[in-house]
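Undergrad: Below you'll find the structure I mean.
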Amino acid sequence: LFSRPVAGLYPPASTIKPFLAAAAIDENIIDPNTVLYTEGRIVVPNPFDPNHPAIFKDWKNHGPVDMIEALAVSSDVYFYTIGGGYGAVKGLGVERMHDYLQRFGIGQRTGIDLLGEAEGLIPTKRWKAETYPNDPLWRVGDSYNMSIGQGWLLSTPLQMARATLALARGGELLQPRVMRSAASLSSRVSISAPALEIAIRGMRAAVIKGTATGVASIRPLVAAKTGTAEVNKSGRTHSWFIGFLPVENPELVLVVNMENGPAGNLVGATSVAYEILKWFSTAFVDKQL
């Protein structure tokens with residue numbers, strides 16, 4: 001019995017991937033056209049016990065992917081690599097991931113004119129050391145978890161809506177309002193237009209051929225990203241959808257979080273998003289006429 005859009009805290013899962021993709025471009029971590037040959041997992045050697053390496057699995061073996069394809073199919077291995085680093089790719093690391101997610105307003109109150117707004121959390125090395133004094137070291141696995149929106153990262157649906165709007169509007173980070181007044185410009189995200197363009201192209205590819213094909217028939221055209229947040233080791237998941245339409249000059253940003261929703265993209269939050277977008281598209285077409 002509380003307002004989940006403003007006070008519900010959830011791991012954002014793969015919905016943060018477009019924002020980290022843009023960050024990786026501006027930080028020269030990887031060229032978006034570079035193809036990474038993923039194999040369904042990353043194996044990190046264990047210097048203390050070579051027979052027991054750390055294995056970080058993908059949800060599927062996606063094979064060779066560039067940035068747009070990785071966003072479309074939601075390749076975890078690709079984002080492990082650009083987030084935490086692997087092989088020749090250094091990775092953003094926890095500090096830069098924290099910086100860019102914060103730039104988009106994730107893990108921060110939006111300032112909406114409602115009571116009870118939660119702040120969220122973007123973990124740092126210092127936060128882990130203070131919170132887990134018995135295991136204070138920030139490990140590469142922590143960065144890998146963070147790079148796919150898992151681990152300790154927490155956000156509200158409203159924060160994700162605001163971040164998605166900033167992505168769609170060229171970096172404008174707005175302060176939302178419920179009262180009858182226009183949302184005001186809070187700040188502008190320090191990120192390049194080409195980086196935002198690639199992120200949006202990846203979200204559009206997700207609708208055309210990737211994890212968000214459940215809204216492919218909607219007109220005007222939609223750009224979207226899905227996410228499935230694992231809830232600790234309970235086996236439960238939260239199902240996410242973020243998106244906007246039209247792709248050019250967007251008029252609607254939509255975020256759906258199905259608490260304890262199904263993991264399948266076509267039967268989880270995307271199916272709910274389809275019904276909402278179908279209703280909106282009818283109203284949009286009528287307005288154009």
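Each chain of the structure tokens is named A, B, ... in the order shown, its residues numbered from 1; ligands are numbered from 1 in display order.
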Determine which residues of region 5-175 of chain A DSSP labels as strand (DSSP E) from the backbone of this structure, then write them out as a PyMOL selection string.

TA: chain A and resi 36-37+41-44+54-57+64-65+172-175

Undergrad: Generate a file of the selected residues that holds N, CA, C and O atoms, formatted as a compact mmCIF listing (two decimals), in the first residue's frame.

TA:
# COMPACT_ATOMS: atom_id res chain seq x y z
N LEU A 36 32.36 -7.91 -30.63
CA LEU A 36 32.88 -8.78 -29.59
C LEU A 36 32.32 -10.18 -29.80
O LEU A 36 31.12 -10.34 -30.05
N TYR A 37 33.18 -11.17 -29.71
CA TYR A 37 32.74 -12.56 -29.92
C TYR A 37 32.39 -13.18 -28.57
O TYR A 37 33.24 -13.72 -27.87
N ARG A 41 29.27 -16.68 -21.89
CA ARG A 41 29.78 -16.52 -20.53
C ARG A 41 31.15 -15.85 -20.57
O ARG A 41 31.80 -15.80 -21.61
N ILE A 42 31.56 -15.35 -19.42
CA ILE A 42 32.92 -14.86 -19.22
C ILE A 42 33.54 -15.70 -18.10
O ILE A 42 32.91 -15.93 -17.06
N VAL A 43 34.75 -16.15 -18.34
CA VAL A 43 35.47 -16.96 -17.36
C VAL A 43 36.65 -16.15 -16.83
O VAL A 43 37.53 -15.76 -17.61
N VAL A 44 36.65 -15.88 -15.55
CA VAL A 44 37.72 -15.11 -14.92
C VAL A 44 38.58 -16.08 -14.11
O VAL A 44 38.10 -16.72 -13.17
N ALA A 54 36.01 -18.06 -11.75
CA ALA A 54 34.70 -17.41 -11.61
C ALA A 54 34.03 -17.36 -12.98
O ALA A 54 34.65 -16.93 -13.96
N ILE A 55 32.80 -17.81 -13.07
CA ILE A 55 32.08 -17.86 -14.34
C ILE A 55 30.86 -16.93 -14.25
O ILE A 55 30.04 -17.06 -13.35
N PHE A 56 30.77 -16.01 -15.21
CA PHE A 56 29.65 -15.07 -15.29
C PHE A 56 28.87 -15.37 -16.56
O PHE A 56 29.35 -15.13 -17.67
N LYS A 57 27.67 -15.89 -16.39
CA LYS A 57 26.91 -16.39 -17.52
C LYS A 57 26.05 -15.30 -18.17
O LYS A 57 25.63 -14.35 -17.53
N PRO A 64 28.79 -13.28 -32.13
CA PRO A 64 29.41 -11.98 -32.40
C PRO A 64 28.39 -10.84 -32.38
O PRO A 64 27.36 -10.91 -33.06
N VAL A 65 28.66 -9.80 -31.61
CA VAL A 65 27.74 -8.66 -31.51
C VAL A 65 28.52 -7.35 -31.47
O VAL A 65 29.57 -7.26 -30.85
N GLU A 172 18.09 16.21 -22.08
CA GLU A 172 17.36 17.09 -21.17
C GLU A 172 16.84 16.29 -19.97
O GLU A 172 16.04 15.38 -20.13
N LEU A 173 17.31 16.62 -18.78
CA LEU A 173 16.88 15.94 -17.57
C LEU A 173 15.83 16.84 -16.89
O LEU A 173 16.16 17.88 -16.34
N LEU A 174 14.58 16.41 -16.96
CA LEU A 174 13.47 17.24 -16.48
C LEU A 174 13.07 16.89 -15.06
O LEU A 174 13.25 15.75 -14.62
N GLN A 175 12.52 17.87 -14.36
CA GLN A 175 11.95 17.62 -13.05
C GLN A 175 10.45 17.41 -13.23
O GLN A 175 9.74 18.32 -13.64

Undergrad: Residues near Lys90 (chain A), anyone? I mean within 10 Å using only C-alpha atoms, not counting same-chain ones fewer than 5 positions away, as a list of chain:residue names.

TA: A:Ile29, A:Ile30, A:Thr81, A:Ile82, A:Gly83, A:Gly84, A:Gly85

Undergrad: For Ser74 (chain A), please output as a list in words all residues within 10 Å (counting only C-alpha atoms; exclusion window: fewer than 5 positions along the same chain).

TA: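 Non-adjacent residues within range: Ser14, Thr15, Lys17, Pro18, Asp58, Trp59, Lys60, His62, Met67, Ile68, Glu69, Phe79, Ile148, Gly202, Met203, Ala206, Gly210, Thr211, Ala212, Lys225, Thr226 and Gly227 of chain A.
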
Undergrad: Could you write out that same residue set with C-alpha atoms as a compact mmCIF listing (two decimals), in the first residue's frame?

TA:
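Saved result, selection-v1.txt, follows:
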# COMPACT_ATOMS: atom_id res chain seq x y z
CA SER A 14 19.08 -4.56 -18.46
CA THR A 15 17.17 -1.29 -18.79
CA LYS A 17 22.28 -0.89 -20.81
CA PRO A 18 21.45 2.00 -23.21
CA ASP A 58 24.84 -14.70 -20.18
CA TRP A 59 21.17 -15.53 -20.54
CA LYS A 60 21.99 -16.87 -24.01
CA HIS A 62 24.61 -14.40 -28.71
CA MET A 67 26.91 -2.37 -29.69
CA ILE A 68 23.58 -2.02 -31.49
CA GLU A 69 23.16 -5.78 -31.74
CA PHE A 79 28.00 -5.31 -21.09
CA ILE A 148 23.70 -5.39 -16.21
CA GLY A 202 20.03 -0.02 -30.20
CA MET A 203 16.65 0.41 -28.53
CA ALA A 206 15.44 -4.26 -29.83
CA GLY A 210 15.43 -8.20 -30.29
CA THR A 211 13.88 -8.58 -26.87
CA ALA A 212 11.16 -5.92 -27.38
CA LYS A 225 14.56 -1.84 -23.86
CA THR A 226 13.48 -4.71 -21.66
CA GLY A 227 14.93 -6.02 -18.43

Undergrad: If you run DSSP over the backbone, which residues in region 150-255 of chain A end up alpha helix (DSSP H)? Put them as a list of chain:residue names.

TA: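 Those residues are A:Pro157, A:Leu158, A:Gln159, A:Met160, A:Ala161, A:Arg162, A:Ala163, A:Thr164, A:Leu165, A:Ala166, A:Leu167, A:Ala168, A:Ala193, A:Pro194, A:Ala195, A:Leu196, A:Glu197, A:Ile198, A:Ala199, A:Ile200, A:Arg201, A:Gly202, A:Met203, A:Arg204, A:Ala205, A:Ala206, A:Val207, A:Ile208, A:Lys209.
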
Undergrad: Report, in Å with one decimal, the straight-line distance from CA of Ala199 (chain A) to CA of Pro123 (chain A).

TA: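 The value is 23.2 Å.
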